[in-house]
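**Student:** What follows is a single structure, and I will ask about it in a moment.
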Amino acid sequence: MQVVAVTTVISGYADLPELIGRMTGDEKHAAVATSTLDVLWVLYDRVLRVDPDRPDDPDRDRFLLSKGHAPMAYYAVLAVKGFLRPDELDTWATFDSRLGHHPDRALVPGVEIGSGSLGHGLPIGVGLALGLRAQGRPCRVVVLVGDAELEEGSNHEAIQVAGRLGLDRLTVVVVDNASASLGWPGGVADRFAREGWAGTTVNGRDHDALYTAFTRDHPGHPLAVVAAVEPKEYRHP
Amino acid sequence: MIASTLTTPTAMRDAFVDIVTAELEVNPQLAVVLAEISADRFERAAARHPDRVLNLGIREQLLVGAGGGLALSGLRPVVHTYAPFLVERPFEQIKLDFVHQDVGGVLVGIGGSFDGANLGRTHQAPGDVALIDSLPGWTVHVPGHPAEVEPLLRAALAGQDRVYLRLSTETNRDAHPGTGFQLIRTGRRGVVIAVGPVLDAVLDATATADVTVLYASTIRPFDTAGLCAALSGVDRADVVLVEPYLRGTSAHQANEALSEVPHRLLSLGVRRDEELRAYGTPAEHAAAHGLDARTIRAALDTFLG
């Protein structure tokens, strides 16, 4: 029997902390605490129809990371799913790297938008959903925003229009780590429900609950999934 | 039916609406996003193509962001509203949702500079071209006659690049469709470049002056070769740049074009030093900014000696 060299086999959720650690050097428990980690994993593992061998397929689902800061979990998930080589994570944030502190769609295969300035992903997602609908493409558009990012007024222009136009191929997942300085009286989901979105609030660490929320029927309405995670410790000064 | 309206457009805005309405019939990749402005004029097109003519209401950040999203979906977006609400209010959306995403689109603004003289500062955007010029990869058209709109717009709709089409109610007597710097008149004492609707004022100002007059309805890309060619026919490299928007917007381009040549440059345009807090007519605003024929002539005489 041939002896095979020992290599790291990247295959699943359990590999994410180590991959994130290649960028941050953090302890594994810190990487696991990344607020978006489980949402990203469930989307890429069980929900989105994307293929690293066909990143330009016009009928692929589109995932838009609007909350573009701290994208380490995103890069790690893309590495597990074959869009990036794991060793590229070691180049993180260096001059020649494709992987910066905010992702750039022109540099990273599988990344659908460059983001970092808050409040851009959802309006882009509305246009993308409208454009795909006009072309008869059945794919989904999923936009990840943060609960603090939701403060940007541009999001509310988009929430209103998506609801009124019944963009049922559009999904927003709000990763809610209670970091909005002035809060959301009545909860984040209320902003969407009032504008005609189907919505639900789930435990943002519970993979099955997230999967159920992402795959529920919502004909004629866009879908909002509020993924509640632990409150953020640091607040903007 | 549609073609007949194209033959006698009464204004740039009408030409724009008619051409886009016609193109929607034959180009399935074309989409129009609006924020109430001109929505009434696109009603017929919207009824025929409800998925591709989209009035988003008075939501200008979404207008531009959704335009970028439409481009990402593979469509050619036309994004249209009044200039200050198209370029200034959602400027970061232009920077990020088009340029940073590396997608193309056609932004069509009306109300250039002081068309809305009596509307006040809120409805004036003389800095629009300077703002667009701070971003890479834009073609900027500044037509000076309704008949110039059609070739510029049809080329823009057929392309994949980023285009800003700046429409105005101010127009010249004659149309000069064409690309780059077009030679209107030749002289020996210098070169005067007129951009878009200021041509008539420049022609009136230079009627008895011994200068070469160039005209541009497309100011980005800047026609360096055309400027250099015109300068080869004059005695001194004296250049006067007359633009209907912020003074000196193209001065850096002219200086770059002439970096190897000892030259002098005079920039005329909308004044930068203070906000013109006045109503009245576009003609009065032109005069207040020094863009009327008499003031241009006086500036030329001083500059050229």
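For the structure tokens, the naming scheme is as follows: chains receive sequential letters (A, B, ...) according to their order of presentation, residues are indexed from 1 within each chain, and ligands are indexed from 1 in presentation order.
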Just the strand (DSSP E or B) stuff from segment 18-233 of chain B, please, per backbone DSSP, written as JSON, numbers by chain.

**Tutor:** {"B": [30, 31, 32, 33, 34, 53, 54, 55, 76, 77, 78, 79, 80, 81, 82, 105, 106, 107, 108, 109, 110, 138, 139, 140, 141, 162, 163, 164, 165, 166, 182, 183, 184, 185, 191, 192, 193, 194, 195, 212, 213, 214, 215, 216, 218, 219, 220]}

**Student:** For chain B against chain A, which residues fall within 10 Å using only C-alpha atoms, given as number ranges by chain?

**Tutor:** B: 28-31, 33, 49-77, 90, 92-93, 96-98, 100-102

**Student:** Residues near Glu88 of chain A, anyone? I mean within 10 Å using only C-alpha atoms, not counting same-chain ones fewer than 5 positions away, as number ranges by chain.

**Tutor:** A: 22-23, 75, 79, 97-99

**Student:** Excluding Val239 of chain B and its own-chain neighbours fewer than 6 positions away, which residues fall within 7 Å of it when counting only C-alpha atoms? Please give them as a PDB file with all heavy atoms, in the first residue's frame.

**Tutor:**
ATOM      1  N   GLY B 190      -4.330  81.989 -30.435  1.00  0.00           N
ATOM      2  CA  GLY B 190      -4.528  81.032 -29.351  1.00  0.00           C
ATOM      3  C   GLY B 190      -5.672  80.095 -29.674  1.00  0.00           C
ATOM      4  O   GLY B 190      -6.292  80.192 -30.745  1.00  0.00           O
ATOM      5  N   VAL B 191      -5.922  79.185 -28.749  1.00  0.00           N
ATOM      6  CA  VAL B 191      -6.976  78.185 -28.931  1.00  0.00           C
ATOM      7  C   VAL B 191      -8.006  78.324 -27.816  1.00  0.00           C
ATOM      8  O   VAL B 191      -7.648  78.330 -26.630  1.00  0.00           O
ATOM      9  CB  VAL B 191      -6.391  76.755 -28.919  1.00  0.00           C
ATOM     10  CG1 VAL B 191      -7.507  75.715 -28.944  1.00  0.00           C
ATOM     11  CG2 VAL B 191      -5.449  76.550 -30.101  1.00  0.00           C
ATOM     12  N   VAL B 192      -9.260  78.455 -28.192  1.00  0.00           N
ATOM     13  CA  VAL B 192     -10.353  78.510 -27.223  1.00  0.00           C
ATOM     14  C   VAL B 192     -11.154  77.214 -27.337  1.00  0.00           C
ATOM     15  O   VAL B 192     -11.597  76.855 -28.434  1.00  0.00           O
ATOM     16  CB  VAL B 192     -11.275  79.720 -27.468  1.00  0.00           C
ATOM     17  CG1 VAL B 192     -12.373  79.770 -26.401  1.00  0.00           C
ATOM     18  CG2 VAL B 192     -10.475  81.014 -27.495  1.00  0.00           C
ATOM     19  N   ARG B 264       0.274  78.834 -21.641  1.00  0.00           N
ATOM     20  CA  ARG B 264      -0.547  79.551 -20.672  1.00  0.00           C
ATOM     21  C   ARG B 264      -1.964  79.026 -20.791  1.00  0.00           C
ATOM     22  O   ARG B 264      -2.421  78.664 -21.876  1.00  0.00           O
ATOM     23  CB  ARG B 264      -0.510  81.054 -20.941  1.00  0.00           C
ATOM     24  CG  ARG B 264       0.885  81.668 -20.763  1.00  0.00           C
ATOM     25  CD  ARG B 264       0.797  83.192 -20.728  1.00  0.00           C
ATOM     26  NE  ARG B 264       0.090  83.687 -21.904  1.00  0.00           N
ATOM     27  CZ  ARG B 264      -0.796  84.697 -21.871  1.00  0.00           C
ATOM     28  NH1 ARG B 264      -1.082  85.299 -20.721  1.00  0.00           N
ATOM     29  NH2 ARG B 264      -1.384  85.094 -22.972  1.00  0.00           N
ATOM     30  N   LEU B 265      -2.662  78.981 -19.662  1.00  0.00           N
ATOM     31  CA  LEU B 265      -4.021  78.436 -19.644  1.00  0.00           C
ATOM     32  C   LEU B 265      -4.933  79.359 -18.857  1.00  0.00           C
ATOM     33  O   LEU B 265      -4.624  79.724 -17.718  1.00  0.00           O
ATOM     34  CB  LEU B 265      -4.023  77.035 -19.009  1.00  0.00           C
ATOM     35  CG  LEU B 265      -5.387  76.373 -18.831  1.00  0.00           C
ATOM     36  CD1 LEU B 265      -6.025  76.054 -20.177  1.00  0.00           C
ATOM     37  CD2 LEU B 265      -5.255  75.096 -17.991  1.00  0.00           C
ATOM     38  N   LEU B 266      -6.053  79.720 -19.446  1.00  0.00           N
ATOM     39  CA  LEU B 266      -7.102  80.473 -18.752  1.00  0.00           C
ATOM     40  C   LEU B 266      -8.341  79.599 -18.684  1.00  0.00           C
ATOM     41  O   LEU B 266      -8.801  79.085 -19.708  1.00  0.00           O
ATOM     42  CB  LEU B 266      -7.416  81.776 -19.513  1.00  0.00           C
ATOM     43  CG  LEU B 266      -8.626  82.570 -18.993  1.00  0.00           C
ATOM     44  CD1 LEU B 266      -8.344  83.144 -17.604  1.00  0.00           C
ATOM     45  CD2 LEU B 266      -8.989  83.688 -19.983  1.00  0.00           C
TER      46      LEU B 266
END

**Student:** Report as a list in words all protein, DNA and RNA residues lying within 12 Å of Val234 of chain B, evaluated on only C-alpha atoms, omitting residues in the same chain fewer than 2 positions from it.

**Tutor:**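 Using only C-alpha atoms, the neighbours found are Arg185, Thr186, Gly187, Arg188, Arg189, Gly190, Val191, Val192, Asp210, Val211, Thr212, Val213, Leu227, Cys228, Ala229, Ala230, Leu231, Ser232, Arg236, Ala237, Asp238, Val239 and His263 of chain B.
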
**Student:** Give me, as number ranges by chain, all polymer residues having an atom no more than 7 Å from segment 210-226 of chain A, counting only C-alpha atoms and skipping those fewer than 2 positions away in the same chain.

**Tutor:** A: 42, 162-163, 166-176, 189, 192, 196-202, 204, 206-208, 228

**Student:** One decimal, Å: what's the distance from atom CA of Glu152 of chain A over to atom CA of Leu34 of chain B, could you say?

**Tutor:**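 Separating atom CA of Glu152 of chain A from atom CA of Leu34 of chain B is a distance of 21.1 Å.
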
**Student:** Which distance in Å separates atom CA of Pro55 of chain A and atom CA of Leu24 of chain B, to one decimal?

**Tutor:**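 Atom CA of Leu24 of chain B lies at a distance of 29.2 Å from atom CA of Pro55 of chain A.
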
**Student:** Could you pull out all residues of segment 82-184 of chain B with a DSSP call of alpha helix (DSSP H) and give them as a ChimeraX atom specification?

**Tutor:** /B:83,91-93,128-133,146-158

**Student:** Give me the residues within 6 Å of Ala117 of chain B as a list in words, counting only C-alpha atoms and dropping any in the same chain fewer than 2 places off.

**Tutor:**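 Selected residues are Phe114, Asp115, Leu119, Gly120, Tyr279, Gly280, Thr281 and Pro282 of chain B.
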
**Student:** Which residue is closest to Arg205 of chain A? Choose from A:Ser35, A:Ser11, A:Ser179, A:Thr24 and count only C-alpha atoms.

**Tutor:** A:Ser35

**Student:** What separation in Å, quoted to one decimal, exists between atom CA of Ala155 of chain B and atom CA of Ile19 of chain B?

**Tutor:**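 It comes out at 11.3 Å.
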
**Student:** Which segment 53-143 of chain B residues have any atom within 12 Å of an atom of segment 251-260 of chain B, and for each, what is the nearest pair of atoms with distance in Å to one decimal, counting only C-alpha atoms, rows sorted by chain and number, as JSON lines?

**Tutor:**
{"residue": "B:Ala130", "atom": "CA", "partner": "B:Ala251", "partner_atom": "CA", "distance": 10.7}
{"residue": "B:Asp133", "atom": "CA", "partner": "B:Gln253", "partner_atom": "CA", "distance": 10.3}
{"residue": "B:Ser134", "atom": "CA", "partner": "B:His252", "partner_atom": "CA", "distance": 11.5}

**Student:** Take the residues from that selection and write them out as a PDB file, in the first residue's frame, keeping all heavy atoms.

**Tutor:**
ATOM      1  N   ALA B 130     -16.726  67.636 -12.246  1.00  0.00           N
ATOM      2  CA  ALA B 130     -15.536  67.532 -11.399  1.00  0.00           C
ATOM      3  C   ALA B 130     -15.623  66.322 -10.478  1.00  0.00           C
ATOM      4  O   ALA B 130     -14.627  65.610 -10.258  1.00  0.00           O
ATOM      5  CB  ALA B 130     -15.359  68.809 -10.579  1.00  0.00           C
ATOM      6  N   ASP B 133     -15.180  63.255 -12.484  1.00  0.00           N
ATOM      7  CA  ASP B 133     -13.781  63.237 -12.930  1.00  0.00           C
ATOM      8  C   ASP B 133     -12.833  62.768 -11.836  1.00  0.00           C
ATOM      9  O   ASP B 133     -11.671  62.452 -12.102  1.00  0.00           O
ATOM     10  CB  ASP B 133     -13.400  64.643 -13.395  1.00  0.00           C
ATOM     11  CG  ASP B 133     -12.113  64.666 -14.205  1.00  0.00           C
ATOM     12  OD1 ASP B 133     -11.882  63.699 -14.968  1.00  0.00           O
ATOM     13  OD2 ASP B 133     -11.337  65.621 -14.068  1.00  0.00           O
ATOM     14  N   SER B 134     -13.303  62.724 -10.598  1.00  0.00           N
ATOM     15  CA  SER B 134     -12.454  62.225  -9.514  1.00  0.00           C
ATOM     16  C   SER B 134     -12.424  60.706  -9.472  1.00  0.00           C
ATOM     17  O   SER B 134     -11.720  60.118  -8.660  1.00  0.00           O
ATOM     18  CB  SER B 134     -12.936  62.777  -8.166  1.00  0.00           C
ATOM     19  OG  SER B 134     -14.147  62.159  -7.768  1.00  0.00           O
TER      20      SER B 134
END
